[in-house]
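Colleague: Next comes the structure file query-v8.csv, holding CSV, C-alpha atoms.
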```
chain,number,residue,atom,x,y,z
A,1,MET,CA,-13.2,-27.6,-16.9
A,2,GLU,CA,-15.2,-24.4,-16.4
A,3,LYS,CA,-13.3,-21.4,-15.2
A,4,ILE,CA,-13.7,-20.3,-11.6
A,5,VAL,CA,-15.6,-17.0,-11.5
A,6,ALA,CA,-14.0,-14.9,-8.8
A,7,GLY,CA,-15.3,-11.5,-7.8
A,8,GLU,CA,-12.8,-9.0,-6.4
A,9,PHE,CA,-14.7,-6.2,-4.6
A,10,SER,CA,-12.7,-3.1,-3.6
A,11,GLU,CA,-13.2,0.6,-3.2
A,12,SER,CA,-9.7,1.0,-4.5
A,13,TYR,CA,-8.4,0.1,-7.9
A,14,PRO,CA,-6.2,1.8,-10.5
A,15,PRO,CA,-6.0,4.5,-11.5
A,16,LEU,CA,-6.4,5.2,-7.8
A,17,MET,CA,-2.8,4.3,-6.8
A,18,ASP,CA,-2.8,3.0,-3.3
A,19,GLY,CA,-1.5,-0.3,-1.9
A,20,VAL,CA,-4.9,-2.0,-1.7
A,21,GLY,CA,-5.7,-1.2,-5.4
A,22,GLN,CA,-2.3,-2.6,-6.4
A,23,VAL,CA,-3.0,-5.8,-4.5
A,24,VAL,CA,-6.4,-6.3,-6.2
A,25,LYS,CA,-5.0,-5.4,-9.6
A,26,ASN,CA,-2.2,-8.0,-9.3
A,27,TYR,CA,-4.5,-10.7,-7.9
A,28,GLU,CA,-6.9,-10.2,-10.7
A,29,ARG,CA,-4.2,-10.2,-13.4
A,30,ILE,CA,-2.3,-13.3,-12.2
A,31,LEU,CA,-5.4,-15.3,-11.3
A,32,ARG,CA,-6.8,-14.6,-14.8
A,33,ASN,CA,-3.5,-15.0,-16.8
A,34,ASP,CA,-1.7,-17.7,-14.9
A,35,PHE,CA,-4.4,-19.7,-13.1
A,36,GLY,CA,-7.2,-19.6,-15.6
A,37,TYR,CA,-9.9,-17.7,-13.7
A,38,ASP,CA,-12.7,-15.6,-15.0
A,39,THR,CA,-12.1,-12.6,-12.7
A,40,ARG,CA,-14.5,-9.8,-12.2
A,41,VAL,CA,-13.6,-6.6,-10.4
A,42,VAL,CA,-16.3,-4.5,-8.7
A,43,THR,CA,-14.9,-1.1,-7.7
A,44,THR,CA,-15.3,2.7,-7.9
A,45,TYR,CA,-14.3,5.6,-10.0
A,46,SER,CA,-13.8,9.2,-9.0
A,47,THR,CA,-16.5,11.6,-10.1
A,48,GLN,CA,-13.8,14.2,-10.4
A,49,THR,CA,-11.9,12.3,-13.1
A,50,GLY,CA,-14.6,10.2,-14.7
A,51,LEU,CA,-14.6,6.6,-15.9
A,52,PRO,CA,-11.2,5.3,-17.1
A,53,SER,CA,-11.1,4.8,-20.8
A,54,ASP,CA,-8.9,1.7,-20.8
A,55,ASP,CA,-11.0,-0.5,-18.5
A,56,ASP,CA,-11.5,-4.2,-19.5
A,57,GLY,CA,-15.0,-5.5,-19.8
A,58,ASN,CA,-14.6,-7.4,-16.6
A,59,ILE,CA,-14.5,-4.2,-14.5
A,60,ILE,CA,-17.7,-2.8,-13.0
A,61,ARG,CA,-17.4,0.7,-11.4
A,62,PHE,CA,-19.7,2.7,-9.1
A,63,PRO,CA,-19.2,6.5,-9.0
A,64,MET,CA,-17.5,7.8,-5.9
A,65,THR,CA,-17.5,11.5,-4.9
A,66,PRO,CA,-14.3,12.3,-3.0
A,67,VAL,CA,-14.7,13.8,0.5
A,68,LYS,CA,-12.2,16.2,2.0
A,69,GLY,CA,-10.4,14.5,4.8
A,70,LEU,CA,-10.6,11.0,3.2
A,71,GLY,CA,-7.9,11.6,0.5
A,72,ALA,CA,-9.0,10.0,-2.8
A,73,TYR,CA,-11.9,8.2,-1.1
A,74,GLY,CA,-15.4,9.4,-0.5
A,75,ILE,CA,-19.1,8.5,-0.8
A,76,THR,CA,-19.9,5.7,-3.2
A,77,VAL,CA,-23.2,6.1,-5.0
A,78,MET,CA,-24.8,2.6,-5.3
A,79,LYS,CA,-26.6,3.2,-8.6
A,80,ARG,CA,-29.3,0.7,-9.3
A,81,ASP,CA,-28.3,-0.2,-12.9
A,82,ILE,CA,-24.6,-0.7,-11.9
A,83,LYS,CA,-25.7,-2.8,-8.9
A,84,LYS,CA,-27.8,-4.9,-11.2
A,85,ARG,CA,-24.8,-5.7,-13.3
A,86,ALA,CA,-22.7,-6.6,-10.2
A,87,THR,CA,-25.4,-8.8,-8.7
A,88,GLY,CA,-26.3,-10.5,-12.0
A,89,ILE,CA,-23.0,-12.4,-12.3
A,90,ASP,CA,-22.9,-16.1,-11.1
A,91,TYR,CA,-19.8,-16.1,-8.9
A,92,ASP,CA,-18.1,-19.1,-7.5
A,93,ILE,CA,-16.3,-17.1,-4.8
A,94,ILE,CA,-16.2,-13.4,-3.7
A,95,HIS,CA,-13.2,-11.7,-2.1
A,96,THR,CA,-13.8,-8.3,-0.5
A,97,HIS,CA,-11.0,-5.9,0.3
A,98,SER,CA,-12.8,-3.5,2.6
A,99,PRO,CA,-15.7,-3.5,4.9
A,100,PHE,CA,-17.2,-0.4,3.3
A,101,SER,CA,-19.8,0.1,0.6
A,102,ILE,CA,-18.3,-2.1,-2.1
A,103,GLY,CA,-17.2,-4.8,0.4
A,104,SER,CA,-20.6,-4.8,2.0
A,105,LEU,CA,-22.2,-5.4,-1.4
A,106,GLY,CA,-19.8,-8.3,-2.1
A,107,ARG,CA,-20.7,-9.9,1.2
A,108,ARG,CA,-24.4,-9.6,0.6
A,109,ILE,CA,-24.1,-11.1,-2.9
A,110,ALA,CA,-22.0,-14.0,-1.6
A,111,ALA,CA,-24.7,-14.7,1.1
A,112,LYS,CA,-27.5,-14.6,-1.5
A,113,GLN,CA,-25.7,-16.9,-3.9
A,114,HIS,CA,-24.6,-19.2,-1.1
A,115,ILE,CA,-20.9,-19.1,-2.1
A,116,PRO,CA,-17.7,-18.6,-0.1
A,117,HIS,CA,-16.9,-15.0,1.0
A,118,VAL,CA,-13.2,-14.2,1.7
A,119,THR,CA,-12.2,-10.8,3.1
A,120,THR,CA,-8.8,-9.2,3.7
A,121,PHE,CA,-8.1,-6.7,6.5
A,122,HIS,CA,-5.8,-4.4,4.6
A,123,SER,CA,-5.6,-1.2,6.7
A,124,GLN,CA,-6.3,0.3,10.2
A,125,PHE,CA,-9.7,1.8,9.4
A,126,ARG,CA,-10.2,2.8,13.0
A,127,LYS,CA,-7.4,5.4,12.5
A,128,ASP,CA,-9.1,6.6,9.3
A,129,ILE,CA,-12.4,7.1,11.1
A,130,LEU,CA,-10.7,8.8,14.0
A,131,GLY,CA,-8.8,11.1,11.7
A,132,PHE,CA,-11.9,12.0,9.9
A,133,THR,CA,-14.3,12.5,12.8
A,134,HIS,CA,-11.8,13.5,15.6
A,135,SER,CA,-14.0,11.5,17.9
A,136,ARG,CA,-12.9,8.4,19.8
A,137,ILE,CA,-16.6,7.6,20.5
A,138,LEU,CA,-17.5,7.7,16.8
A,139,ALA,CA,-14.4,5.8,15.9
A,140,ASP,CA,-15.3,3.0,18.4
A,141,ILE,CA,-18.9,2.9,17.2
A,142,GLY,CA,-17.8,2.7,13.5
A,143,THR,CA,-15.2,0.1,14.2
A,144,SER,CA,-17.7,-2.1,16.1
A,145,TYR,CA,-20.1,-1.9,13.2
A,146,LEU,CA,-17.4,-2.7,10.5
A,147,VAL,CA,-16.0,-5.6,12.4
A,148,ARG,CA,-19.3,-7.4,11.7
A,149,HIS,CA,-18.2,-7.6,8.1
A,150,TYR,CA,-15.3,-9.8,9.1
A,151,GLU,CA,-17.4,-11.9,11.5
A,152,LYS,CA,-19.7,-12.9,8.7
A,153,ALA,CA,-16.9,-14.0,6.3
A,154,ASP,CA,-16.0,-17.6,5.6
A,155,CYS,CA,-12.3,-16.7,5.7
A,156,VAL,CA,-10.5,-13.6,7.0
A,157,ILE,CA,-7.0,-12.8,5.6
A,158,VAL,CA,-4.4,-10.4,7.0
A,159,PRO,CA,-1.3,-9.5,5.1
A,160,SER,CA,1.1,-9.8,8.1
A,161,LYS,CA,1.3,-11.4,11.5
A,162,GLY,CA,1.5,-7.8,12.9
A,163,SER,CA,-2.0,-7.2,11.7
A,164,ILE,CA,-3.5,-9.9,13.9
A,165,PRO,CA,-3.4,-8.0,17.2
A,166,VAL,CA,-4.8,-4.9,15.5
A,167,LEU,CA,-7.8,-6.8,14.2
A,168,ARG,CA,-8.2,-8.5,17.6
A,169,ASP,CA,-8.1,-5.1,19.3
A,170,TYR,CA,-11.0,-4.1,17.0
A,171,GLY,CA,-13.0,-6.9,18.6
A,172,TYR,CA,-12.7,-9.7,16.0
A,173,LYS,CA,-12.4,-13.1,17.6
A,174,GLY,CA,-12.6,-15.5,14.7
A,175,ASP,CA,-10.0,-17.4,12.7
A,176,ILE,CA,-7.3,-15.5,10.8
A,177,THR,CA,-5.2,-16.6,7.8
A,178,VAL,CA,-2.0,-14.8,7.0
A,179,ILE,CA,-1.2,-14.4,3.3
A,180,GLU,CA,1.6,-11.8,2.8
A,181,ASN,CA,1.6,-9.3,-0.1
A,182,GLY,CA,4.2,-9.3,-2.9
A,183,THR,CA,5.4,-7.0,-5.6
A,184,ASP,CA,5.3,-6.9,-9.4
A,185,LEU,CA,8.8,-5.4,-9.5
A,186,LYS,CA,11.7,-7.8,-10.1
A,187,PRO,CA,15.2,-7.5,-8.7
A,188,PRO,CA,17.3,-5.7,-11.4
A,189,THR,CA,20.6,-6.9,-12.8
A,190,ASP,CA,23.6,-4.6,-12.5
A,191,GLU,CA,23.1,-3.4,-16.0
A,192,GLU,CA,19.4,-2.7,-15.4
A,193,ARG,CA,20.1,-0.9,-12.2
A,194,ALA,CA,22.6,1.4,-14.0
A,195,ALA,CA,20.0,2.1,-16.7
A,196,TYR,CA,17.4,2.9,-14.1
A,197,ARG,CA,19.7,5.3,-12.3
A,198,ALA,CA,20.3,7.1,-15.6
A,199,LYS,CA,16.6,7.3,-16.1
A,200,ALA,CA,16.0,8.7,-12.6
A,201,LEU,CA,18.6,11.4,-13.2
A,202,SER,CA,16.8,12.2,-16.5
A,203,LEU,CA,13.5,12.4,-14.7
A,204,LEU,CA,15.0,14.9,-12.2
A,205,LYS,CA,16.7,16.8,-15.1
A,206,ARG,CA,20.1,16.3,-13.5
A,207,ASP,CA,23.5,15.2,-14.9
A,208,SER,CA,24.6,13.7,-11.6
A,209,ILE,CA,24.0,13.7,-7.8
A,210,SER,CA,26.9,13.7,-5.4
A,211,VAL,CA,25.1,13.6,-2.1
A,212,PRO,CA,23.2,10.8,-0.3
A,213,VAL,CA,19.7,10.4,-1.8
A,214,PHE,CA,16.7,9.7,0.5
A,215,LEU,CA,13.4,8.6,-1.0
A,216,TYR,CA,9.7,8.3,-0.1
A,217,ILE,CA,7.0,7.0,-2.5
A,218,GLY,CA,3.4,7.0,-1.4
A,219,GLN,CA,0.6,9.0,-0.1
A,220,HIS,CA,1.5,12.5,1.2
A,221,SER,CA,-0.5,12.2,4.4
A,222,ASP,CA,0.0,12.8,8.1
A,223,LYS,CA,-0.9,9.1,8.7
A,224,LYS,CA,2.4,8.2,6.9
A,225,ASN,CA,4.2,10.3,9.5
A,226,ILE,CA,5.8,12.6,7.0
A,227,PRO,CA,6.1,15.5,9.5
A,228,LEU,CA,8.5,13.3,11.4
A,229,THR,CA,10.6,12.8,8.3
A,230,LEU,CA,10.7,16.6,7.6
A,231,GLY,CA,11.6,17.2,11.3
A,232,SER,CA,14.6,14.8,11.0
A,233,LEU,CA,15.7,16.4,7.8
A,234,LYS,CA,15.6,19.8,9.5
A,235,ILE,CA,18.1,18.4,12.1
A,236,LEU,CA,20.4,17.2,9.4
A,237,LYS,CA,20.3,20.6,7.7
A,238,GLU,CA,21.2,22.3,11.0
A,239,ARG,CA,24.2,20.0,11.3
A,240,ASN,CA,25.3,20.9,7.8
A,241,ILE,CA,24.8,17.4,6.5
A,242,GLU,CA,24.3,17.3,2.7
A,243,PHE,CA,21.5,15.2,1.2
A,244,LEU,CA,18.7,15.2,-1.4
A,245,MET,CA,15.2,14.0,-0.4
A,246,ILE,CA,12.8,13.0,-3.1
A,247,PHE,CA,9.1,12.7,-2.4
A,248,VAL,CA,7.1,10.8,-5.1
A,249,GLY,CA,3.3,10.8,-5.0
A,250,GLY,CA,0.6,13.1,-3.9
A,251,GLY,CA,-2.1,13.7,-1.3
A,252,GLU,CA,-4.2,16.2,0.5
A,253,ASP,CA,-1.4,17.2,3.0
A,254,LYS,CA,1.2,17.9,0.3
A,255,GLU,CA,0.8,21.6,0.3
A,256,LYS,CA,1.3,21.6,4.1
A,257,TYR,CA,4.6,19.8,3.6
A,258,VAL,CA,5.7,22.2,0.9
A,259,LYS,CA,5.3,25.0,3.5
A,260,MET,CA,7.2,23.0,6.1
A,261,VAL,CA,10.1,22.6,3.7
A,262,ALA,CA,10.2,26.4,3.2
A,263,GLU,CA,9.9,27.0,7.0
A,264,TYR,CA,12.7,24.5,7.7
A,265,ASN,CA,14.9,26.1,4.9
A,266,LEU,CA,15.0,22.8,3.0
A,267,GLN,CA,14.2,24.1,-0.5
A,268,ASP,CA,17.6,23.1,-1.9
A,269,ASN,CA,17.4,19.6,-0.3
A,270,VAL,CA,13.9,18.4,-1.1
A,271,ILE,CA,12.1,17.6,-4.3
A,272,PHE,CA,8.4,17.0,-4.6
A,273,TYR,CA,8.3,15.0,-7.9
A,274,GLY,CA,4.6,14.4,-7.9
A,275,ILE,CA,2.5,11.4,-9.0
A,276,THR,CA,3.8,8.9,-11.5
A,277,ARG,CA,1.9,5.7,-12.4
A,278,ASN,CA,4.8,4.5,-14.6
A,279,ARG,CA,6.3,1.4,-12.9
A,280,GLU,CA,9.6,2.0,-14.8
A,281,ASP,CA,9.8,5.4,-13.2
A,282,ILE,CA,9.2,3.9,-9.8
A,283,ALA,CA,12.0,1.4,-10.4
A,284,ALA,CA,14.3,4.2,-11.5
A,285,PHE,CA,13.8,6.1,-8.2
A,286,TYR,CA,14.4,2.9,-6.1
A,287,SER,CA,17.7,2.4,-8.0
A,288,LEU,CA,18.9,5.9,-7.4
A,289,ALA,CA,18.2,6.1,-3.7
A,290,ASP,CA,20.5,5.2,-0.8
A,291,ILE,CA,17.8,5.0,1.9
A,292,PHE,CA,14.0,4.7,1.9
A,293,LEU,CA,12.5,6.8,4.7
A,294,PHE,CA,9.3,5.2,6.0
A,295,PRO,CA,8.3,6.2,9.5
A,296,SER,CA,4.7,5.1,9.1
A,297,ALA,CA,2.9,3.5,12.0
A,298,TYR,CA,-0.3,3.1,9.9
A,299,ASP,CA,0.6,0.4,7.3
A,300,THR,CA,-0.1,-3.2,8.3
A,301,SER,CA,1.8,-4.6,5.3
A,302,SER,CA,3.1,-2.0,2.9
A,303,LEU,CA,3.8,-3.0,-0.7
A,304,THR,CA,6.5,-0.3,-0.6
A,305,THR,CA,8.8,-2.5,1.6
A,306,ARG,CA,8.4,-5.4,-0.8
A,307,GLU,CA,9.4,-3.1,-3.6
A,308,THR,CA,12.4,-1.6,-1.8
A,309,SER,CA,13.6,-5.1,-1.0
A,310,ALA,CA,13.6,-6.0,-4.7
A,311,PHE,CA,16.1,-3.2,-5.2
A,312,SER,CA,18.2,-4.0,-2.1
A,313,LEU,CA,17.3,-0.5,-0.8
A,314,PRO,CA,17.4,-0.4,3.0
A,315,CYS,CA,14.4,1.1,4.8
A,316,LEU,CA,14.4,3.2,7.9
A,317,PHE,CA,11.3,2.6,10.0
A,318,ILE,CA,10.1,3.5,13.5
A,319,GLU,CA,9.0,0.9,16.0
A,320,SER,CA,5.5,-0.1,14.8
A,321,VAL,CA,3.5,-2.7,13.1
A,322,THR,CA,4.9,-1.4,9.8
A,323,SER,CA,8.4,-2.7,10.6
A,324,GLU,CA,7.3,-6.2,11.2
A,325,GLY,CA,9.7,-8.7,9.6
A,326,PHE,CA,12.6,-6.3,9.8
A,327,GLU,CA,15.4,-6.3,12.3
A,328,ASP,CA,17.5,-3.3,13.1
A,329,GLY,CA,20.9,-3.5,11.4
A,330,ILE,CA,20.1,-6.9,9.9
A,331,ASN,CA,17.6,-6.3,7.0
A,332,GLY,CA,16.4,-2.8,7.9
A,333,PHE,CA,16.8,0.0,10.3
A,334,ILE,CA,14.5,1.0,13.1
A,335,ALA,CA,14.4,4.3,15.0
A,336,GLN,CA,12.4,5.6,17.9
A,337,PRO,CA,9.3,7.6,16.9
A,338,ASN,CA,10.8,11.1,17.1
A,339,PRO,CA,12.8,13.3,14.8
A,340,GLU,CA,15.9,13.2,16.9
A,341,SER,CA,16.2,9.4,16.8
A,342,TYR,CA,15.3,9.3,13.2
A,343,ALA,CA,17.9,11.8,12.2
A,344,GLU,CA,20.6,10.0,14.2
A,345,ASN,CA,19.7,6.8,12.4
A,346,ILE,CA,20.0,8.5,9.0
A,347,ILE,CA,23.5,9.7,10.0
A,348,ARG,CA,24.3,6.2,11.1
A,349,ILE,CA,23.2,4.7,7.8
A,350,ILE,CA,24.9,7.2,5.4
A,351,SER,CA,28.1,7.0,7.5
A,352,ASP,CA,28.5,3.2,7.0
A,353,GLY,CA,28.3,2.2,3.3
A,354,GLU,CA,29.2,-1.4,4.0
A,355,LEU,CA,26.5,-1.8,6.6
A,356,ARG,CA,24.0,-0.1,4.2
A,357,LYS,CA,24.9,-2.5,1.4
A,358,THR,CA,24.7,-5.6,3.7
A,359,VAL,CA,21.3,-4.6,5.1
A,360,GLY,CA,20.0,-4.0,1.6
A,361,LYS,CA,21.2,-7.4,0.4
A,362,ASN,CA,19.6,-9.1,3.4
A,363,ALA,CA,16.3,-7.3,2.7
A,364,LEU,CA,16.3,-8.8,-0.8
A,365,GLU,CA,17.0,-12.2,0.6
A,366,THR,CA,14.5,-12.1,3.4
A,367,ARG,CA,11.7,-9.7,2.4
A,368,TYR,CA,11.4,-9.9,-1.3
A,369,ARG,CA,8.3,-11.8,-2.5
A,370,SER,CA,6.6,-11.7,-5.9
A,371,PHE,CA,2.9,-11.2,-6.4
A,372,TYR,CA,2.8,-14.5,-8.2
A,373,ASP,CA,3.7,-16.3,-5.0
A,374,ALA,CA,1.0,-14.4,-3.1
A,375,ALA,CA,-1.6,-15.1,-5.9
A,376,LYS,CA,-0.7,-18.8,-5.8
A,377,GLU,CA,-1.6,-18.9,-2.1
A,378,ILE,CA,-4.9,-17.1,-2.9
A,379,ASP,CA,-5.6,-19.6,-5.7
A,380,GLU,CA,-5.1,-22.6,-3.3
A,381,LEU,CA,-7.4,-20.9,-0.7
A,382,TYR,CA,-10.1,-20.2,-3.2
A,383,ARG,CA,-10.2,-23.8,-4.5
A,384,LYS,CA,-10.2,-25.2,-1.0
A,385,LEU,CA,-13.2,-23.0,0.0
A,386,ILE,CA,-15.1,-23.7,-3.2
A,387,SER,CA,-14.6,-27.5,-2.9
A,388,HIS,CA,-16.1,-27.4,0.6
```
Translate this structure into structure tokens?
Modeller:
Amino acid sequence: MEKIVAGEFSESYPPLMDGVGQVVKNYERILRNDFGYDTRVVTTYSTQTGLPSDDDGNIIRFPMTPVKGLGAYGITVMKRDIKKRATGIDYDIIHTHSPFSIGSLGRRIAAKQHIPHVTTFHSQFRKDILGFTHSRILADIGTSYLVRHYEKADCVIVPSKGSIPVLRDYGYKGDITVIENGTDLKPPTDEERAAYRAKALSLLKRDSISVPVFLYIGQHSDKKNIPLTLGSLKILKERNIEFLMIFVGGGEDKEKYVKMVAEYNLQDNVIFYGITRNREDIAAFYSLADIFLFPSAYDTSSLTTRETSAFSLPCLFIESVTSEGFEDGINGFIAQPNPESYAENIIRIISDGELRKTVGKNALETRYRSFYDAAKEIDELYRKLISH
């Protein structure tokens, strides 16, 4: 039996380390290694860093020039020779992971080759447009235009039920399939957890830590609501509550947060570790932390919450689409969207070790899901669409 040729089209792909890129990477890897696909990835590379040297031959990259205000993203240059390579492949199915340049190319190729086109609504792009243009009119126009991408697809996927009303609000009226994301991290044994904790202390160049440890891993961006986190930490500091906050990652707003830490007199309480692409390092930080602080209202299905669940690490959310699947005091914690409520909930969590342990255990039991399970659903969907 010939292998299914599946094209995964995404602006984001490692070494660009955001959630969408991780989803595409894991789909591609598992479909190829476990389900026998011939997977092809069409994506971008940053003109600031150049083409990655370790790419497989199945990856086609267009140059993308980063634009201030869009984080690692920017303008994709659709070079003719690269486009010829992407269009010259005989695909059986194409899966686009954005409605932008690369996703649009994938949609057009699928139409020309008369093959199924699947697309996933990963993120709230209207907020991205609004944040970049600062114009509701332009955000509405841009959103209306991009929704056509989903209307022309044979199947539209969302990674959570909470994403459905968002996409509906954007104007999409068609059918929607929910396939939740997973994680490539596995729940550690007690011995592995102890080793990870030791590794984290080594990474931080510390012999021990005797205060509660808070953690955030991800983009350092206002859309992740990090100013709310820092505001709540300021309140804890003013109440003489001891803690250590670790930020892992990077982003265009990081320097602003460094200044806020100094302004709030949090220099002794906050560490900006920087970016790591080492998954063992990520696992180490999850094993060290007592709470994961995640007040984002942007993420429709964050991979981070799957990862924290693997390590029985309780998350503190705010009421938003991001906290879907979590119940306060059951398998997570949910605060009101202001620093005062967030700070009170942090105090509540660190004051009750038994509750924290129970909530973390429940998160593992109810919210952990491997990427293999997600890819298995994708495989079944692809085969169904191809057979029709």
Colleague: Counting all atoms listed in the file, find the residues whose atoms lie at most 10 Å from (0.2, 15.8, 0.5) (file coordinates) and write them out as number ranges by chain.
Modeller: A: 71, 218-222, 226, 247, 249-258, 272, 274
Colleague: Counting only C-alpha atoms, figure out which residue out of A:Gly7, A:Pro14, A:Gly103, A:Pro116 gets nearest to Leu385 of chain A.
Modeller: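 Counting only C-alpha atoms, the residue closest to Leu385 of chain A is A:Pro116.
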Colleague: Nearest residue to His114 of chain A out of A:Phe132, A:Tyr91, A:Tyr286, A:Tyr150, using only C-alpha atoms?
Modeller: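 Looking only at the distances to His114 of chain A, the closest residue turns out to be A:Tyr91.
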Colleague: Using only C-alpha atoms, pick whichever of A:Ile275, A:Val41, A:Leu215, A:Ala284 has the shortest atom-to-atom distance to Arg197 of chain A.
Modeller: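 Result for the nearest residue to Arg197 of chain A: A:Ala284.
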Colleague: Distance table requested - segment 97-128 of chain A against segment 287-309 of chain A, cut-off 10 Å, all atoms listed in the file: one row per qualifying residue with the closest atom pair and its distance in Å to one decimal, ordered by chain and rising residue number, as CSV.
Modeller:
```
residue,atom,partner,partner_atom,distance
A:Phe121,CA,A:Thr300,CA,8.9
A:His122,CA,A:Thr300,CA,6.9
A:Ser123,CA,A:Thr300,CA,6.1
A:Gln124,CA,A:Tyr298,CA,6.6
A:Phe125,CA,A:Tyr298,CA,9.5
A:Lys127,CA,A:Tyr298,CA,7.9
A:Asp128,CA,A:Tyr298,CA,9.5
```
Colleague: Which neighbours of segment 176-190 of chain A fall inside 7 Å, counting only C-alpha atoms, when residues of the same chain fewer than 5 positions from it are skipped, and could you give them as a PDB file with C-alpha atoms, keeping the file's coordinate frame?
Modeller:
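Below is the file part.pdb, written as the result:
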```
ATOM      1  CA  VAL A 156     -10.500 -13.600   7.000  1.00  0.00           C
ATOM      2  CA  ILE A 157      -7.000 -12.800   5.600  1.00  0.00           C
ATOM      3  CA  VAL A 158      -4.400 -10.400   7.000  1.00  0.00           C
ATOM      4  CA  PRO A 159      -1.300  -9.500   5.100  1.00  0.00           C
ATOM      5  CA  SER A 160       1.100  -9.800   8.100  1.00  0.00           C
ATOM      6  CA  LYS A 161       1.300 -11.400  11.500  1.00  0.00           C
ATOM      7  CA  LEU A 303       3.800  -3.000  -0.700  1.00  0.00           C
ATOM      8  CA  ARG A 306       8.400  -5.400  -0.800  1.00  0.00           C
ATOM      9  CA  GLU A 307       9.400  -3.100  -3.600  1.00  0.00           C
ATOM     10  CA  ALA A 310      13.600  -6.000  -4.700  1.00  0.00           C
ATOM     11  CA  PHE A 311      16.100  -3.200  -5.200  1.00  0.00           C
ATOM     12  CA  ARG A 369       8.300 -11.800  -2.500  1.00  0.00           C
ATOM     13  CA  SER A 370       6.600 -11.700  -5.900  1.00  0.00           C
ATOM     14  CA  PHE A 371       2.900 -11.200  -6.400  1.00  0.00           C
ATOM     15  CA  ALA A 374       1.000 -14.400  -3.100  1.00  0.00           C
TER      16      ALA A 374
END
```
Colleague: Given all atoms listed in the file as the basis, pick out the residue of A:Arg85, A:Lys357, A:Lys152, A:Arg32 nearest to Asp175 of chain A.
Modeller: A:Lys152
Colleague: Just the residues within 9 Å of Leu355 of chain A, please, counting all atoms listed in the file, with nothing from its chain fewer than 6 positions along; format it as a ChimeraX atom specification.
Modeller: /A:329-330,349
Colleague: Store the residues picked out above, limited to C-alpha atoms, as a PDB file, in the coordinates of the input.
Modeller:
```pdb
ATOM      1  CA  GLY A 329      20.900  -3.500  11.400  1.00  0.00           C
ATOM      2  CA  ILE A 330      20.100  -6.900   9.900  1.00  0.00           C
ATOM      3  CA  ILE A 349      23.200   4.700   7.800  1.00  0.00           C
TER       4      ILE A 349
END
```
Colleague: What's around Tyr73 of chain A at 9 Å? Count all atoms listed in the file, leave out sequence neighbours fewer than 4 positions away in its own chain, and write the answer as a VMD selection string.
Modeller: chain A and resid 11 to 12 46 64 to 69
Colleague: Once you have the residues from the selection above, write them out as a PDB file, keeping the file's coordinate frame, restricted to C-alpha atoms.
Modeller:
```
ATOM      1  CA  GLU A  11     -13.200   0.600  -3.200  1.00  0.00           C
ATOM      2  CA  SER A  12      -9.700   1.000  -4.500  1.00  0.00           C
ATOM      3  CA  SER A  46     -13.800   9.200  -9.000  1.00  0.00           C
ATOM      4  CA  MET A  64     -17.500   7.800  -5.900  1.00  0.00           C
ATOM      5  CA  THR A  65     -17.500  11.500  -4.900  1.00  0.00           C
ATOM      6  CA  PRO A  66     -14.300  12.300  -3.000  1.00  0.00           C
ATOM      7  CA  VAL A  67     -14.700  13.800   0.500  1.00  0.00           C
ATOM      8  CA  LYS A  68     -12.200  16.200   2.000  1.00  0.00           C
ATOM      9  CA  GLY A  69     -10.400  14.500   4.800  1.00  0.00           C
TER      10      GLY A  69
END
```
Colleague: Atom CA of Ser202 of chain A and atom CA of Ile241 of chain A are how many Å apart?
Modeller: 24.9 Å
Colleague: Calculated over only C-alpha atoms, which of the candidates A:Ala198, A:Ile137, A:Ile347, A:Ile209 has the smallest distance to Asn240 of chain A?
Modeller: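 Smallest separation from Asn240 of chain A among the options: A:Ile347.
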Colleague: Report the distance between atom CA of Phe62 of chain A and atom CA of Asp81 of chain A in Å, rounded to one decimal place.
Modeller: 9.8 Å
Colleague: Mind giving me the straight-line distance from atom CA of Gly162 of chain A to atom CA of Val321 of chain A in Å, one decimal?
Modeller: 5.5 Å
Colleague: Of the residues A:Phe35, A:Phe214, A:Tyr172, A:Tyr27, which is the one nearest to Ser144 of chain A, using all atoms listed in the file?
Modeller: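 Checking each of A:Phe35, A:Phe214, A:Tyr172, A:Tyr27 against Ser144 of chain A, counting all atoms listed in the file, the winner is A:Tyr172.
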